[in-house]
$ cat upload-v1.tsv   # TSV, C-alpha atoms and all ligand atoms
chain	number	residue	atom	x	y	z
A	1	MET	CA	0.00	0.00	0.00
A	2	SER	CA	1.36	3.45	-0.83
A	3	ALA	CA	2.17	5.73	2.09
A	4	GLN	CA	-0.38	8.24	0.93
A	5	ALA	CA	-3.28	7.21	-1.24
A	6	PRO	CA	-4.38	9.96	-3.65
A	7	VAL	CA	-7.96	9.63	-2.38
A	8	ASP	CA	-9.15	7.63	0.58
A	9	ARG	CA	-12.39	6.34	-0.90
A	10	ALA	CA	-11.25	2.74	-1.07
A	11	THR	CA	-8.80	2.49	1.77
A	12	ASP	CA	-11.00	2.72	4.84
A	13	ARG	CA	-12.40	-0.64	5.90
A	14	SER	CA	-13.26	0.39	9.46
A	15	GLY	CA	-16.97	0.70	8.83
A	16	VAL	CA	-16.82	4.26	10.12
A	17	TRP	CA	-18.62	6.88	8.03
A	18	ARG	CA	-16.39	7.95	5.12
A	19	GLY	CA	-17.89	11.31	4.16
A	20	LEU	CA	-20.58	12.21	1.66
A	21	LEU	CA	-18.67	11.95	-1.59
A	22	VAL	CA	-17.80	8.35	-0.79
A	23	GLU	CA	-21.00	7.23	0.92
A	24	TYR	CA	-23.22	8.69	-1.82
A	25	ALA	CA	-20.71	8.49	-4.68
A	26	ASP	CA	-23.25	7.11	-7.16
A	27	ARG	CA	-25.46	10.18	-6.70
A	28	MET	CA	-22.71	12.80	-6.77
A	29	PRO	CA	-21.28	14.83	-9.67
A	30	ILE	CA	-17.86	13.24	-9.40
A	31	GLY	CA	-15.72	11.10	-11.65
A	32	PRO	CA	-12.76	8.83	-10.96
A	33	ASP	CA	-10.36	11.76	-11.23
A	34	THR	CA	-12.23	14.17	-8.97
A	35	PRO	CA	-10.02	14.91	-5.96
A	36	ILE	CA	-12.11	14.19	-2.88
A	37	VAL	CA	-11.77	16.98	-0.35
A	38	THR	CA	-13.45	15.70	2.78
A	39	LEU	CA	-13.49	16.16	6.54
A	40	ARG	CA	-15.82	13.12	6.78
A	41	GLU	CA	-18.89	15.32	6.87
A	42	GLY	CA	-22.45	13.98	7.02
A	43	GLY	CA	-23.63	10.85	8.80
A	44	THR	CA	-25.04	13.12	11.49
A	45	PRO	CA	-27.36	11.77	14.18
A	46	LEU	CA	-31.10	11.51	13.78
A	47	ILE	CA	-32.22	11.80	17.38
A	48	HIS	CA	-35.65	10.68	18.53
A	49	SER	CA	-37.17	13.31	20.83
A	50	GLU	CA	-39.38	11.66	23.42
A	51	PHE	CA	-40.10	15.06	24.90
A	52	LEU	CA	-41.29	16.71	21.68
A	53	SER	CA	-43.16	13.58	20.64
A	54	GLU	CA	-45.12	13.54	23.89
A	55	LEU	CA	-45.76	17.27	23.69
A	56	THR	CA	-47.05	17.24	20.12
A	57	GLY	CA	-48.60	13.78	19.75
A	58	CYS	CA	-46.31	13.19	16.77
A	59	ASP	CA	-43.22	11.06	16.33
A	60	VAL	CA	-40.56	13.78	16.36
A	61	HIS	CA	-36.95	13.31	15.30
A	62	ILE	CA	-34.14	15.84	15.25
A	63	LYS	CA	-31.57	15.79	12.46
A	64	PHE	CA	-28.61	17.33	14.24
A	65	ASP	CA	-26.46	18.82	11.50
A	66	GLY	CA	-24.51	20.78	14.11
A	67	ALA	CA	-22.58	17.51	14.47
A	68	ASN	CA	-20.77	18.13	11.17
A	69	PRO	CA	-16.99	18.77	11.27
A	70	THR	CA	-17.25	22.57	11.25
A	71	GLY	CA	-20.46	22.57	13.28
A	72	SER	CA	-23.04	23.20	10.59
A	73	PHE	CA	-24.80	21.69	7.57
A	74	LYS	CA	-22.63	23.82	5.28
A	75	ASP	CA	-20.01	21.06	5.20
A	76	ARG	CA	-22.38	18.93	3.11
A	77	GLY	CA	-22.25	21.40	0.26
A	78	MET	CA	-18.68	22.51	0.77
A	79	THR	CA	-17.11	19.06	0.31
A	80	VAL	CA	-18.62	19.01	-3.20
A	81	ALA	CA	-18.01	22.67	-4.09
A	82	ILE	CA	-14.36	22.61	-2.99
A	83	SER	CA	-13.66	19.22	-4.58
A	84	LYS	CA	-15.06	20.49	-7.89
A	85	ALA	CA	-13.19	23.80	-7.59
A	86	LYS	CA	-9.97	21.85	-7.09
A	87	GLU	CA	-10.77	19.56	-9.99
A	88	ALA	CA	-11.32	22.62	-12.19
A	89	GLY	CA	-7.90	23.96	-11.18
A	90	ALA	CA	-9.15	26.91	-9.11
A	91	GLN	CA	-6.59	28.59	-6.85
A	92	ALA	CA	-8.91	30.69	-4.74
A	93	VAL	CA	-12.49	30.55	-3.48
A	94	ILE	CA	-14.73	33.27	-2.14
A	95	CYS	CA	-18.07	33.41	-0.34
A	96	ALA	CA	-20.41	35.79	1.44
A	97	SER	CA	-21.65	34.55	4.76
A	98	THR	CA	-23.52	35.09	7.99
A	99	GLY	CA	-20.73	32.93	9.44
A	100	ASN	CA	-21.30	29.23	8.86
A	101	THR	CA	-20.61	29.15	5.13
A	102	SER	CA	-17.40	31.09	5.72
A	103	ALA	CA	-16.33	28.65	8.45
A	104	ALA	CA	-16.90	25.69	6.15
A	105	ALA	CA	-15.31	27.37	3.11
A	106	ALA	CA	-12.23	28.26	5.17
A	107	ALA	CA	-11.87	24.71	6.53
A	108	TYR	CA	-12.36	22.87	3.22
A	109	ALA	CA	-10.18	25.33	1.30
A	110	ALA	CA	-7.45	24.78	3.90
A	111	LYS	CA	-7.79	21.00	3.51
A	112	ALA	CA	-7.55	21.38	-0.28
A	113	GLY	CA	-4.63	23.78	-0.18
A	114	LEU	CA	-6.67	26.58	-1.78
A	115	THR	CA	-6.79	30.22	-0.78
A	116	ALA	CA	-10.08	31.39	0.75
A	117	ALA	CA	-11.54	34.84	1.20
A	118	VAL	CA	-14.80	35.41	3.03
A	119	VAL	CA	-17.01	38.49	3.06
A	120	VAL	CA	-19.20	38.93	6.15
A	121	PRO	CA	-21.55	41.62	7.47
A	122	LYS	CA	-19.54	43.75	9.88
A	123	GLY	CA	-20.37	43.09	13.53
A	124	LYS	CA	-23.14	40.62	12.71
A	125	ILE	CA	-21.49	37.23	12.84
A	126	ALA	CA	-21.03	35.06	15.92
A	127	LEU	CA	-17.55	35.03	17.43
A	128	GLY	CA	-17.09	31.28	17.08
A	129	LYS	CA	-17.69	31.48	13.34
A	130	LEU	CA	-15.28	34.36	12.90
A	131	ALA	CA	-12.71	32.36	14.88
A	132	GLN	CA	-13.12	29.43	12.49
A	133	ALA	CA	-12.49	31.54	9.38
A	134	VAL	CA	-9.43	33.10	10.99
A	135	VAL	CA	-7.92	29.92	12.40
A	136	HIS	CA	-8.20	28.14	9.04
A	137	GLY	CA	-6.30	30.97	7.41
A	138	ALA	CA	-9.02	32.62	5.34
A	139	THR	CA	-8.83	36.31	4.57
A	140	VAL	CA	-11.82	37.93	6.27
A	141	LEU	CA	-13.40	41.07	4.81
A	142	GLN	CA	-16.13	42.78	6.82
A	143	VAL	CA	-18.53	44.62	4.59
A	144	GLN	CA	-20.35	47.73	5.73
A	145	GLY	CA	-23.72	46.22	4.97
A	146	ASN	CA	-25.72	43.04	5.48
A	147	PHE	CA	-25.41	39.52	4.04
A	148	ASP	CA	-27.24	40.47	0.85
A	149	ASP	CA	-24.70	43.26	0.22
A	150	ALA	CA	-21.84	40.85	0.91
A	151	LEU	CA	-23.25	38.38	-1.63
A	152	ASP	CA	-23.51	41.16	-4.23
A	153	VAL	CA	-19.81	41.93	-3.69
A	154	CYS	CA	-18.84	38.26	-4.04
A	155	ARG	CA	-20.91	37.69	-7.18
A	156	ASP	CA	-19.30	40.73	-8.77
A	157	LEU	CA	-15.82	39.57	-7.74
A	158	ALA	CA	-16.37	36.06	-9.12
A	159	ASP	CA	-17.71	37.51	-12.40
A	160	ARG	CA	-14.69	39.69	-13.00
A	161	TYR	CA	-11.76	38.09	-11.17
A	162	PRO	CA	-10.25	34.57	-11.06
A	163	VAL	CA	-12.03	33.32	-7.92
A	164	GLU	CA	-14.59	30.53	-7.53
A	165	LEU	CA	-17.83	31.48	-5.78
A	166	VAL	CA	-18.84	28.82	-3.22
A	167	ASN	CA	-22.12	30.26	-2.00
A	168	SER	CA	-25.23	28.13	-2.56
A	169	VAL	CA	-25.74	29.82	-5.95
A	170	ASN	CA	-22.94	27.39	-6.87
A	171	PRO	CA	-24.93	24.27	-7.91
A	172	TYR	CA	-22.41	21.91	-6.31
A	173	ARG	CA	-23.37	23.27	-2.90
A	174	ILE	CA	-26.98	22.27	-3.48
A	175	ASP	CA	-25.84	18.87	-4.80
A	176	GLY	CA	-24.07	18.20	-1.51
A	177	GLN	CA	-26.85	19.46	0.71
A	178	ARG	CA	-29.34	17.01	-0.83
A	179	THR	CA	-27.62	14.34	1.27
A	180	ALA	CA	-29.38	15.46	4.46
A	181	ALA	CA	-32.69	14.30	2.98
A	182	TRP	CA	-31.17	10.99	1.88
A	183	GLU	CA	-29.67	10.37	5.30
A	184	ILE	CA	-32.99	11.09	7.00
A	185	CYS	CA	-34.74	8.54	4.75
A	186	ASP	CA	-31.94	6.00	5.22
A	187	GLN	CA	-32.06	6.48	9.00
A	188	LEU	CA	-35.86	6.37	9.30
A	189	GLY	CA	-36.35	3.66	6.68
A	190	ARG	CA	-38.93	5.95	5.03
A	191	ALA	CA	-39.57	9.62	4.29
A	192	PRO	CA	-40.96	11.69	7.15
A	193	ASP	CA	-44.48	13.10	6.80
A	194	LEU	CA	-43.29	16.60	7.70
A	195	HIS	CA	-39.83	18.14	7.26
A	196	LEU	CA	-39.19	21.36	9.19
A	197	LEU	CA	-36.16	23.61	8.80
A	198	PRO	CA	-34.97	27.21	9.13
A	199	VAL	CA	-34.78	29.31	5.96
A	200	GLY	CA	-32.23	32.05	5.29
A	201	ASN	CA	-30.72	32.24	1.82
A	202	ALA	CA	-33.05	29.31	1.01
A	203	GLY	CA	-30.43	26.95	-0.43
A	204	ASN	CA	-31.05	24.24	2.13
A	205	ILE	CA	-34.81	23.89	1.65
A	206	THR	CA	-34.14	23.80	-2.10
A	207	ALA	CA	-31.54	21.05	-1.68
A	208	HIS	CA	-33.56	18.94	0.77
A	209	TRP	CA	-36.61	18.99	-1.46
A	210	ARG	CA	-34.49	17.95	-4.46
A	211	GLY	CA	-33.03	15.13	-2.39
A	212	TYR	CA	-36.44	13.79	-1.40
A	213	ARG	CA	-37.75	14.07	-4.96
A	214	GLU	CA	-34.78	12.14	-6.34
A	215	TYR	CA	-35.14	9.34	-3.80
A	216	HIS	CA	-38.85	9.23	-4.64
A	217	ALA	CA	-38.27	9.14	-8.40
A	218	ASP	CA	-35.80	6.28	-7.89
A	219	GLY	CA	-38.24	4.31	-5.74
A	220	VAL	CA	-36.11	4.51	-2.57
A	221	ILE	CA	-39.04	6.12	-0.72
A	222	ASP	CA	-42.72	5.84	-1.58
A	223	SER	CA	-43.96	9.16	-0.19
A	224	LEU	CA	-42.76	12.75	0.03
A	225	PRO	CA	-42.77	15.00	3.11
A	226	LEU	CA	-44.51	18.34	3.41
A	227	MET	CA	-41.73	20.93	3.50
A	228	HIS	CA	-42.23	23.59	6.18
A	229	GLY	CA	-39.63	26.36	6.23
A	230	PHE	CA	-39.33	29.05	8.92
A	231	GLN	CA	-37.85	32.50	8.57
A	232	ALA	CA	-37.19	34.89	11.44
A	233	ALA	CA	-40.02	37.44	11.59
A	234	GLY	CA	-37.65	40.40	11.19
A	235	ALA	CA	-35.99	38.79	8.18
A	236	SER	CA	-38.90	37.15	6.38
A	237	PRO	CA	-38.94	38.36	2.76
A	238	ILE	CA	-40.50	35.16	1.40
A	239	VAL	CA	-43.35	35.37	3.90
A	240	ARG	CA	-43.92	39.05	3.17
A	241	GLY	CA	-43.50	38.60	-0.55
A	242	GLU	CA	-40.97	41.41	-0.83
A	243	ARG	CA	-37.30	42.06	-0.27
A	244	VAL	CA	-36.44	43.24	3.25
A	245	THR	CA	-33.78	45.94	3.01
A	246	SER	CA	-32.86	46.03	6.70
A	247	PRO	CA	-33.34	42.51	8.05
A	248	SER	CA	-33.25	42.28	11.81
A	249	THR	CA	-33.17	39.23	14.09
A	250	ILE	CA	-31.13	37.79	16.94
A	251	ALA	CA	-30.78	34.67	14.76
A	252	THR	CA	-27.89	36.20	12.81
A	253	ALA	CA	-27.35	33.08	10.67
A	254	ILE	CA	-30.66	33.72	8.90
A	255	ARG	CA	-30.54	37.52	8.91
A	256	ILE	CA	-31.15	37.73	5.15
A	257	GLY	CA	-33.48	40.04	3.25
A	258	ASN	CA	-33.16	38.82	-0.34
A	259	PRO	CA	-32.62	35.04	-0.49
A	260	ALA	CA	-30.71	33.79	-3.55
A	261	SER	CA	-32.84	30.64	-3.86
A	262	TRP	CA	-36.15	32.40	-3.19
A	263	PRO	CA	-38.15	30.89	-6.12
A	264	PHE	CA	-36.90	27.37	-5.39
A	265	ALA	CA	-37.91	27.68	-1.74
A	266	VAL	CA	-41.40	28.76	-2.73
A	267	ALA	CA	-41.56	25.84	-5.18
A	268	ALA	CA	-40.49	23.37	-2.46
A	269	ALA	CA	-43.22	24.58	-0.12
A	270	ASP	CA	-45.89	24.70	-2.85
A	271	GLU	CA	-45.09	21.43	-4.61
A	272	SER	CA	-44.92	19.52	-1.33
A	273	GLY	CA	-48.06	21.07	0.15
A	274	GLY	CA	-46.04	22.71	2.92
A	275	SER	CA	-45.40	26.35	3.77
A	276	ILE	CA	-42.90	29.07	4.53
A	277	THR	CA	-43.88	31.11	7.57
A	278	ALA	CA	-42.23	33.28	10.19
A	279	VAL	CA	-41.34	32.70	13.84
A	280	THR	CA	-40.50	35.54	16.20
A	281	ASP	CA	-37.17	36.01	17.96
A	282	ARG	CA	-38.96	35.29	21.23
A	283	GLN	CA	-40.26	31.96	19.88
A	284	ILE	CA	-36.79	31.06	18.55
A	285	LEU	CA	-35.14	31.82	21.90
A	286	ALA	CA	-37.74	29.76	23.80
A	287	ALA	CA	-37.21	26.84	21.40
A	288	PHE	CA	-33.41	27.16	21.76
A	289	ARG	CA	-33.68	26.90	25.55
A	290	LEU	CA	-36.22	24.08	25.44
A	291	ILE	CA	-34.21	21.87	23.13
A	292	ALA	CA	-31.03	22.54	25.10
A	293	ARG	CA	-32.82	21.39	28.28
A	294	ASN	CA	-33.48	18.20	26.37
A	295	GLY	CA	-29.84	17.55	25.61
A	296	VAL	CA	-29.21	19.18	22.24
A	297	PHE	CA	-27.15	22.37	22.13
A	298	ALA	CA	-28.09	23.82	18.76
A	299	GLU	CA	-27.32	27.17	17.25
A	300	LEU	CA	-30.03	29.76	17.88
A	301	ALA	CA	-31.05	30.23	14.23
A	302	SER	CA	-31.30	26.51	13.68
A	303	THR	CA	-33.93	26.19	16.39
A	304	ALA	CA	-36.38	28.11	14.20
A	305	SER	CA	-37.43	24.60	13.13
A	306	ILE	CA	-38.38	23.73	16.73
A	307	ALA	CA	-40.10	27.10	17.18
A	308	GLY	CA	-42.05	26.30	14.02
A	309	LEU	CA	-42.99	22.86	15.32
A	310	LEU	CA	-44.31	24.32	18.58
A	311	ARG	CA	-46.24	27.01	16.75
A	312	MET	CA	-47.82	24.49	14.38
A	313	HIS	CA	-48.74	22.31	17.36
A	314	GLU	CA	-50.39	25.20	19.18
A	315	ALA	CA	-52.32	26.08	16.02
A	316	GLY	CA	-53.53	22.48	15.71
A	317	GLN	CA	-51.71	22.07	12.40
A	318	LEU	CA	-49.86	18.82	13.19
A	319	PRO	CA	-51.62	15.62	12.16
A	320	ARG	CA	-51.67	13.26	15.17
A	321	GLY	CA	-49.08	10.50	14.95
A	322	ALA	CA	-47.24	12.09	12.02
A	323	THR	CA	-43.54	11.38	11.61
A	324	VAL	CA	-41.80	14.74	11.84
A	325	VAL	CA	-38.16	15.65	11.29
A	326	CYS	CA	-36.87	19.00	12.57
A	327	VAL	CA	-33.46	19.92	11.17
A	328	LEU	CA	-31.07	21.62	13.59
A	329	THR	CA	-28.61	23.18	11.19
A	330	GLY	CA	-25.82	24.40	13.49
A	331	HIS	CA	-24.07	23.77	16.81
A	332	GLY	CA	-24.76	25.91	19.86
A	333	LEU	CA	-21.04	26.36	20.55
A	334	LYS	CA	-20.87	28.67	17.54
A	335	ASP	CA	-22.38	31.37	19.68
A	336	PRO	CA	-22.38	30.54	23.42
A	337	GLU	CA	-23.51	34.07	24.25
A	338	TRP	CA	-27.18	33.05	24.04
A	339	ALA	CA	-26.65	30.13	26.38
A	340	ILE	CA	-24.97	32.26	29.03
A	341	ALA	CA	-27.22	35.31	28.69
A	342	GLY	CA	-29.34	35.73	31.79
A	343	ALA	CA	-27.80	32.73	33.59
A	344	ALA	CA	-26.46	33.16	37.14
A	345	ASP	CA	-22.68	32.98	37.68
A	346	PRO	CA	-21.53	29.56	38.95
A	347	THR	CA	-21.17	29.37	42.76
A	348	THR	CA	-17.56	29.48	43.96
A	349	ILE	CA	-16.65	26.93	46.64
A	350	PRO	CA	-13.53	25.99	48.66
A	351	VAL	CA	-11.83	22.62	48.07
A	352	ASP	CA	-14.25	20.85	50.41
A	353	ALA	CA	-16.74	18.10	49.47
A	354	ASP	CA	-18.94	18.79	52.51
A	355	HIS	CA	-19.23	22.41	51.48
A	356	ALA	CA	-20.14	21.32	47.94
A	357	ALA	CA	-22.73	18.91	49.40
A	358	ARG	CA	-24.36	21.71	51.41
A	359	VAL	CA	-24.52	23.96	48.35
A	360	LEU	CA	-26.02	21.10	46.31
A	361	GLY	CA	-28.61	20.40	49.00
A	362	LEU	CA	-27.23	16.89	49.58
A	363	ALA	CA	-26.35	17.47	53.23
A	401	LIG	N1	-29.21	27.61	9.82
A	401	LIG	C1	-27.95	28.02	9.96
A	401	LIG	C2	-27.24	27.67	11.22
A	401	LIG	C3	-27.34	28.78	8.93
A	401	LIG	O1	-26.08	29.17	9.07
A	401	LIG	C4	-28.08	29.09	7.78
A	401	LIG	C5	-27.49	29.88	6.70
A	401	LIG	C6	-29.39	28.63	7.69
A	401	LIG	C7	-29.93	27.88	8.73
A	401	LIG	C8	-30.25	28.90	6.52
A	401	LIG	O2	-29.91	28.09	5.44
A	401	LIG	O3	-29.40	29.85	3.81
A	401	LIG	O4	-29.72	27.50	3.10
A	401	LIG	O5	-31.66	28.85	3.89
A	401	LIG	N2	-26.35	30.39	6.73
A	401	LIG	C9	-25.69	31.03	5.60
A	401	LIG	C10	-24.25	31.36	5.96
A	401	LIG	C11	-26.44	32.16	5.02
A	401	LIG	O6	-23.67	32.29	5.38
A	401	LIG	O7	-23.68	30.68	6.80
A	401	LIG	P1	-30.19	28.60	3.96
$ encode --input "upload-v1.tsv" --output "structure tokens"
Amino acid sequence: MSAQAPVDRATDRSGVWRGLLVEYADRMPIGPDTPIVTLREGGTPLIHSEFLSELTGCDVHIKFDGANPTGSFKDRGMTVAISKAKEAGAQAVICASTGNTSAAAAAYAAKAGLTAAVVVPKGKIALGKLAQAVVHGATVLQVQGNFDDALDVCRDLADRYPVELVNSVNPYRIDGQRTAAWEICDQLGRAPDLHLLPVGNAGNITAHWRGYREYHADGVIDSLPLMHGFQAAGASPIVRGERVTSPSTIATAIRIGNPASWPFAVAAADESGGSITAVTDRQILAAFRLIARNGVFAELASTASIAGLLRMHEAGQLPRGATVVCVLTGHGLKDPEWAIAGAADPTTIPVDADHAARVLGLA
């Protein structure tokens, strides 16, 4: 065996998950010569929620995409986009981001030996995400504007300069993100009845719907889920039916006023019989805390799917006994500020077990 195989698709016999481009190779836009740039993304847990099932009368599962290597679902698309960029001989990649795309682009570009530049809205991305871009060696540009402005800058740059755009307007990103739907079906042994997820730039809902439709067309599943997407109320252009010029929400990951995949998101909701609606910041924060108290530390924006579930339940919109999947798109450690906010400082104690026991009410 050579010391370093050119790709590792055939060398791993451990049975451990090998990353999306290997696990779903037959459904991916790759050939034998495509260099596989992977951090072994995907294969994330589908967690049954007893608590949410009991609360709603449904069978609720959480697809925890925060368990990806860089802590968000963006890795699913980035393994494909960066592999294809490398195959095409690109030297540099660029993206606009509310933080997670830039973290993934920086990591995968670093793995591939490519240069990455990321353009983010100044002061509006979580510290953990900024740290990721920096530590992986990406050049970070803060734009004096919001995500939509940053994407305009990147599109213009990629049009006129030799850099590859790796936002979800790059079709390879969508190709990779379809895998979340396939994994859910593979894990459940069927398609869910309802699929709930947060919506920002709307690439993910587009990709998941494509994934389900392809599995259905190929006879892997015999039904399709209703797709229910949730925007933050202060950044809900699709719900309002018009561009929002100054989007505002505490869920900075989905603080987007002019989603690039807008028409595809509407098509996913319409074709599936689902919907795209808004949840308030208050509802998102309550959902974030609730799901954390049940063992899953998800990023604030990603819990819009749980906020949506609770709202649909309260409105009597959930069919009893339905199989529901809520996607949690990012990890809570991206932005611990929301976990700590309002919490009391930990109690300081001397090195004394009896003292600790008194404080804990054990003695
Ligand atoms: N959840 C998280 C944690 C996100 O980071 C994003 C988007 C979304 C949901 C929405 O997904 O854009 O496909 O509808 N984040 C992008 C970024 C915009 O730059 O990281 P979408």
$ residues_near_ligand --input "upload-v1.tsv" --ligand "ligand LIG 401 (chain A)" --cutoff "8 Å" --atoms "only C-alpha atoms and all ligand atoms" --output "ChimeraX atom specification"
/A:66,72-74,96-103,147,167-168,197-206,253-256,259,299-302,328-331
$ residues_around --input "upload-v1.tsv" --residues "Ala131 of chain A" --least-positions-apart "3" --cutoff "12 Å" --atoms "all atoms listed in the file" --output "PDB file with C-alpha atoms, in the coordinates of the input"
ATOM      1  CA  THR A  70     -17.250  22.570  11.250  1.00  0.00           C
ATOM      2  CA  GLY A  99     -20.730  32.930   9.440  1.00  0.00           C
ATOM      3  CA  ASN A 100     -21.300  29.230   8.860  1.00  0.00           C
ATOM      4  CA  SER A 102     -17.400  31.090   5.720  1.00  0.00           C
ATOM      5  CA  ALA A 103     -16.330  28.650   8.450  1.00  0.00           C
ATOM      6  CA  ALA A 104     -16.900  25.690   6.150  1.00  0.00           C
ATOM      7  CA  ALA A 106     -12.230  28.260   5.170  1.00  0.00           C
ATOM      8  CA  ALA A 107     -11.870  24.710   6.530  1.00  0.00           C
ATOM      9  CA  ILE A 125     -21.490  37.230  12.840  1.00  0.00           C
ATOM     10  CA  ALA A 126     -21.030  35.060  15.920  1.00  0.00           C
ATOM     11  CA  LEU A 127     -17.550  35.030  17.430  1.00  0.00           C
ATOM     12  CA  GLY A 128     -17.090  31.280  17.080  1.00  0.00           C
ATOM     13  CA  VAL A 134      -9.430  33.100  10.990  1.00  0.00           C
ATOM     14  CA  VAL A 135      -7.920  29.920  12.400  1.00  0.00           C
ATOM     15  CA  HIS A 136      -8.200  28.140   9.040  1.00  0.00           C
ATOM     16  CA  GLY A 137      -6.300  30.970   7.410  1.00  0.00           C
ATOM     17  CA  ALA A 138      -9.020  32.620   5.340  1.00  0.00           C
ATOM     18  CA  THR A 139      -8.830  36.310   4.570  1.00  0.00           C
ATOM     19  CA  VAL A 140     -11.820  37.930   6.270  1.00  0.00           C
ATOM     20  CA  LEU A 333     -21.040  26.360  20.550  1.00  0.00           C
ATOM     21  CA  LYS A 334     -20.870  28.670  17.540  1.00  0.00           C
ATOM     22  CA  ASP A 335     -22.380  31.370  19.680  1.00  0.00           C
TER      23      ASP A 335
END
$ atom_distance --input "upload-v1.tsv" --atom1 "atom CA of Ile47 of chain A" --atom2 "atom CA of Val60 of chain A"
8.6 Å
$ residues_around --input "upload-v1.tsv" --residues "segment 191-194 of chain A" --least-positions-apart "2" --cutoff "8 Å" --atoms "all atoms listed in the file" --output "list in words"
Ile184, Cys185, Leu188, Gly189, Leu196, Tyr212, Ile221, Asp222, Ser223, Leu224, Pro225, Leu226, Met227, His228, Ala322, Thr323, Val324 and Val325 of chain A
$ residues_around --input "upload-v1.tsv" --residues "Pro121 of chain A" --least-positions-apart "3" --cutoff "6 Å" --atoms "only C-alpha atoms" --output "VMD selection string"
chain A and resid 124 142 to 143 145 to 147
$ axis_aligned_box --input "upload-v1.tsv" --around "segment 75-82 of chain A" --padding-each-side "5 Å" --output "AutoDock Vina command-line options"
--center_x -18.4 --center_y 20.8 --center_z 0.6 --size_x 18.0 --size_y 13.7 --size_z 19.3
$ atom_distance --input "upload-v1.tsv" --atom1 "atom CA of Arg240 of chain A" --atom2 "atom CA of Arg311 of chain A"
18.3 Å
$ closest_residue --input "upload-v1.tsv" --among "A:Gly308, A:Pro263, A:Gly229, A:Pro45" --to "Asp186 of chain A" --atoms "all atoms listed in the file"
A:Pro45
$ closest_residue --input "upload-v1.tsv" --among "A:Gln177, A:Leu157, A:Trp209, A:Phe288" --to "Phe264 of chain A" --atoms "only C-alpha atoms"
A:Trp209
$ closest_residue --input "upload-v1.tsv" --among "A:Ile340, A:Met78, A:Val22, A:Ala181" --to "Val166 of chain A" --atoms "all atoms listed in the file"
A:Met78
$ closest_residue --input "upload-v1.tsv" --among "A:Arg293, A:Arg178, A:His355, A:Lys129" --to "Arg210 of chain A" --atoms "only C-alpha atoms"
A:Arg178
$ decode --input "upload-v1.tsv" --residues "segment 35-46 of chain A" --atoms "N, CA and C atoms" --output "compact mmCIF listing (two decimals), in the first residue's frame"
# COMPACT_ATOMS: atom_id res chain seq x y z
N PRO A 35 -10.67 15.00 -7.27
CA PRO A 35 -10.02 14.91 -5.96
C PRO A 35 -11.08 15.05 -4.87
N ILE A 36 -11.09 14.13 -3.92
CA ILE A 36 -12.11 14.19 -2.88
C ILE A 36 -11.57 14.97 -1.68
N VAL A 37 -12.17 16.14 -1.49
CA VAL A 37 -11.77 16.98 -0.35
C VAL A 37 -12.82 16.76 0.73
N THR A 38 -12.46 16.05 1.76
CA THR A 38 -13.45 15.70 2.78
C THR A 38 -12.90 15.85 4.18
N LEU A 39 -13.78 16.22 5.10
CA LEU A 39 -13.49 16.16 6.54
C LEU A 39 -14.41 15.12 7.17
N ARG A 40 -14.90 14.20 6.34
CA ARG A 40 -15.82 13.12 6.78
C ARG A 40 -17.14 13.68 7.28
N GLU A 41 -17.62 14.68 6.54
CA GLU A 41 -18.89 15.32 6.87
C GLU A 41 -20.07 14.38 6.64
N GLY A 42 -21.23 14.78 7.17
CA GLY A 42 -22.45 13.98 7.02
C GLY A 42 -22.49 12.85 8.03
N GLY A 43 -23.46 11.94 7.84
CA GLY A 43 -23.63 10.85 8.80
C GLY A 43 -23.99 11.38 10.18
N THR A 44 -24.72 12.48 10.20
CA THR A 44 -25.04 13.12 11.49
C THR A 44 -26.21 12.40 12.16
N PRO A 45 -26.33 12.54 13.47
CA PRO A 45 -27.36 11.77 14.18
C PRO A 45 -28.78 12.22 13.87
N LEU A 46 -29.66 11.24 13.77
CA LEU A 46 -31.10 11.51 13.78
C LEU A 46 -31.57 11.08 15.16
